[in-house]
Each structure stands twice: as C-alpha cells, then as structure tokens.
Amino acid sequence: MLLSKNEGQNRNLMNLGDTITAIATPLGVGGVGVIRVSGPDARAMASRFLSPSTRFKPNTIRHVRLSSPFSGEPLDDGCVAFFKAPRSYTGEDVIEFHLHGSVHILKRVTQELVRLGCRMAAPGEFTRRAFVNGKLDLTKAESVIDMIHTSSDRGHAVALNHLNGGLYRRMAGIRTQLMEILEHVEGSLDFPDEIEPINRDDTMRRLSEIDRMLEHTQNQKDFGKWITSGIKCVIVGRPNAGKSSLMNRLAGEDRAIVSSIPGTTRDFITVHTELGGVRFEFIDTAGIRETDDPVELLGVKRVRSLIRQADLVVWVVDHSTAVRSEDTDILKLLRLRNGVICLNKSDKKQRCDITAINPHDRWPVCRISCRSGDGIDAFKAFLHDRFIRQLDAVDLDLMCNIRQQSCVGIVRDHLQSICRDMRVAPNDDCFAFDLRQAILHLGEITGDTFNEAVLDGIFSRFCVGK
Ligand SMILES: Nc1nc2c(ncn2[C@@H]2O[C@H](COP(=O)(O)OP(=O)(O)OP(=O)(O)O)[C@@H](O)[C@H]2O)c(=O)[nH]1
Ligand SMILES: [Mg+2]
C-alpha cells in the first residue's frame, strides 16, 4: 500500500515511538566506541549511568564517569553528547556515549540500557526515524548508505551530491510541474465554466521535456553501476598468455601465481584498484583450453559465466607464439562481447597473426609486455578513455540506483501514455489517471509517497547503529 508521508509518519510514530539503542562504531578494538540512544526516554536512561548532579545541555558534549545503574560499579570514563529533539539526526532526543573502544565495555553499557527498557535498534533504524520525522528525504536517506559503502572518489561524489539534495531537487521539481498540470486538468474538469482546458500543445512540450530528462537518467544507468559497484574487467585467454602477469601489473603487487606451466590459475582471483577515481575490479581467470582435468574444467566453466557479467573482457594473447585453435575457440566464445585485446610479450619476437583472431579490427588492440612493463600505461589510458572519460560528462544529480531507475521507467511510461492520449482523446479526463500515477511514482523516489515494503528493503541494507 502506498502511503503519503504524513500518513506514514503517524503510523511510524505509533509503532516506533520507543527508545532504541545500538553500538554505532564497528565492533573491535578501537580508540573510541560510540553508543547511540534515540527516543523519548534517551535522556532519562542516560542519566541513570551518571552522577545525579549531571545536567544535559542541548548540543554539547561533556566528560563524564559512567557507572552501572543497577550495581553502581564504575563502568568507564568517557563523554556524553546530547542532541535535543528536533535538532538531532533522528529528530528525537539523541544521546551518544563516546567510550573506550572496547567490545566488553560497549556491550556491557548496551545491555544495561536494554535492562532499563531500551530496545536494540534494527539495521538503519536511526536513519529510518530521521526519514519518518522529516529530517531526510528518501534520496538523502539512501545516499547515507552509499556514503558509508563508497570506495572511490566518484562514488563519494555521487553520494555527497544526493546527500546535498541534488537528485531530490530534480525529482521534486518534476513532481511539482506534474502536480500543477494535474491541478489545471482537474480544475477545468470540475469547473468548465471558470477554468479553460489545458493547452495540449504546450503541455505536450512540457511533458516531452521532462521525459527527455528522465530518458537521460535512464541512459546513465550503466554509469551508476560503474560508479557504485565498480567496473568489472574479466581477463581471459589461453593458458600461459600472461593473464596473471597482467593482473599483477594492474594491481601493483604479486597477487596471482605466475609460472611457465600452462594451467597455473585454476580458480578466479579478484583485485580491486582505483583508476581516475573509479573502482576497477580485475578478475584473473583460468586459461581457456580443452582439458580432461576436472578441476581445470570447472575453472573454465566459471570463466564463461564471468564473461557474461563483465563490463569489459580483456583478452590476453601471446604475441610470441602462432595463433592456435585455442585462440580461435576463444574468439567464438567472445564473439558478441565488448572487449580489448592485450597483445602480450611484446618484448619477444612477434609470431602471432593478429588478423586471424581480430577480423575487421573489431576489437581495439594494446601491445604490452608484462615482463618489462611496456604498454601498461597505454592500456590504463585505454581504460580511461573507454570508461572514465564518459563518467566525466555524467550529470550527478540524475544518477539513480536500481530502485530509483525502476520508478523512473514507470513515470516515463505514464508520461508517454499522456502524450499519446493528448493527440487523440476527445476529453481531458483520461490524462488525470496517468498524471496521478506519474506523481505517485516520483514520490516513491523522493519519499513523498512510500510503501512500507520499499522502506524495509532500503533500510535493511544499512548497518546497525546508522
Ligand atoms: N617474455 C615475457 N614473458 C612473459 C610476459 N608475461 C608473462 N610472461 C611469462 O609467461 C608465463 C605465463 O605467465 P602467466 O601470467 O602465469 O600466464 P597465465 O595466462 O596466467 O597462465 P595460466 O594461469 O596458466 O592460464 C610466465 O613464465 C611469465 O613469466 C611478457 O610480457 N614477456
Ligand atoms: Mg594465470
């Protein structure tokens, strides 16, 4: 069921009005460990750990000694911060204990908070409360998790942009325009004597413009995947071509075993590295050849599935040996894929007739030597041109995740349906339905309308304590 945000707020306030707690820092030994408490009883519960004379001043942090509310025994020496509702992350009273980063102390204090009546927070529950209490829209809430998980400069830039409201402003702007049109359509239907029917040509122009912006959003789909999940490059080739050597060069360290024995790599090995602010995932695989060895065969089978998931196939070819049937078999396997040939061992005499495996120069070719390092920078420059340059032109505001993309697709279907009807429909009432649907699904992106199941899906991706 789709709820408007106000309905959702009431509903959630009824269900979630209790006080929650969680350890907000990773469990392990660290300099500082933070426990968060949020809800109406946060302050009263926190005060049970402190001396009776302790006063909480809003938005201040102070040095305190904590002792058990039950046994009175000393627990720790740390700091307590108080954020008074509504000027806090969740919009409720929030207490943060900054204690020594010991798992034992953090667990002990949390257990005692639970004994006092606090509930352990579910994953993402602090941010969910922030959303429900109007502190964040849904695009911002989703960007919080991207901020935490980002592992590249570009991923960070997108998450920060959305956290600053880039996506929200664009989607909310479109939603407002559609609401204006809907208001006009409904007004002219209800009061035909007072309000003129909408100007269909003008409206179609406006809707087409919106549709073009949303189409642009959809066209950026791959870019979003590249930025958030990284670019998956699968390194394939026949045994001994130098796949593992190339991966080690790209990783800048000896991750995979290199040897002159064909069939050295059996399973695949993955390394992550950042180029131009983008995360690349290079996957070294077993050499592809006919084999009776069951383990090697399993490795080769895995290569086929990895090839299907790849953003780029890097085909390593040994330039110092003549083309073999194994190479032409690989050519058949890669026929429809997007890739690059790395002609390796360029430090040796050339014996490979590249035209036999690269008909019509379909794949770009980089000449490299993993032994001397020649051509590796040129190969990185190729990756830059092929991927990173495209990302430079990306509109960060319109970078959507999979959930948001699916809403965009539905909104576009409704906009196109309105434009079709506008050309032929005798009455305006048929536009109202599609307009309402488009507004509803834009609201699912911004969080102005939402579905409990969608919220569960979004916030379950969070860690506990956020
Ligand atoms: N001369 C020369 N030898 C190279 C070069 N790159 C790799 N080799 C050698 O080629 C052999 C095979 O290298 P690997 O990187 O293990 O090849 P691979 O494709 O991973 O082989 P498998 O794991 O068996 O499929 C090793 O002896 C490497 O030292 C190069 O650029 N020049
Ligand atoms: Mg190998």
# chains A, B, ... in the order shown; residues from 1 in each chain; ligands from 1

$ residues_around --residues "Ile35 (chain A)" --least-positions-apart "3" --cutoff "7 Å" --atoms "only C-alpha atoms" --output "ChimeraX atom specification"
/A:22-24,96-98

$ residues_near_ligand --ligand "ligand 2" --cutoff "9 Å" --atoms "only C-alpha atoms and all ligand atoms" --output "list in words"
Pro239, Asn240, Ala241, Gly242, Lys243, Ser244, Ser245, Met247, Ala256, Ile257, Val258, Ser259, Pro262, Gly263, Thr264, Thr265, Arg266, Phe268, Asp284, Thr285, Ala286 and Gly287 of chain A

$ residues_around --residues "region 141-154 of chain A" --least-positions-apart "2" --cutoff "8 Å" --atoms "only C-alpha atoms" --output "list in words"
Thr127, Arg128, Phe131, Leu136, Asp137, Leu138, Thr139, His156, Ala157, Val158, Ala159, Leu160, His162, Leu163, Ile227, Thr228, Glu274, Gly277, Val278, Arg279, Ile458, Arg461 and Phe462 of chain A

$ select_by_dssp --residues "region 77-175 of chain A" --states "strand (DSSP E)" --output "PyMOL selection string"
chain A and resi 77-83+94-101+119-120

$ residues_around --residues "region 75-81 of chain A" --least-positions-apart "6" --cutoff "7 Å" --atoms "only C-alpha atoms" --output "ChimeraX atom specification"
/A:59-68,95-100

$ write_last_selection --atoms "C-alpha atoms" --output "PDB file, in the first residue's frame"
ATOM      1  CA  ASN A  59      24.072  20.102  21.606  1.00  0.00           C
ATOM      2  CA  THR A  60      27.017  19.837  23.962  1.00  0.00           C
ATOM      3  CA  ILE A  61      29.443  17.098  24.759  1.00  0.00           C
ATOM      4  CA  ARG A  62      30.863  16.654  28.251  1.00  0.00           C
ATOM      5  CA  HIS A  63      33.265  14.475  30.129  1.00  0.00           C
ATOM      6  CA  VAL A  64      31.526  12.014  32.481  1.00  0.00           C
ATOM      7  CA  ARG A  65      32.115   8.897  34.592  1.00  0.00           C
ATOM      8  CA  LEU A  66      29.699   6.060  33.923  1.00  0.00           C
ATOM      9  CA  SER A  67      28.610   3.542  36.489  1.00  0.00           C
ATOM     10  CA  SER A  68      26.078   0.744  36.398  1.00  0.00           C
ATOM     11  CA  ILE A  95      22.289  10.619  23.413  1.00  0.00           C
ATOM     12  CA  GLU A  96      25.705   9.467  22.290  1.00  0.00           C
ATOM     13  CA  PHE A  97      28.147   7.849  24.693  1.00  0.00           C
ATOM     14  CA  HIS A  98      31.737   8.135  23.463  1.00  0.00           C
ATOM     15  CA  LEU A  99      33.557   5.456  25.432  1.00  0.00           C
ATOM     16  CA  HIS A 100      36.776   3.488  25.227  1.00  0.00           C
TER      17      HIS A 100
END
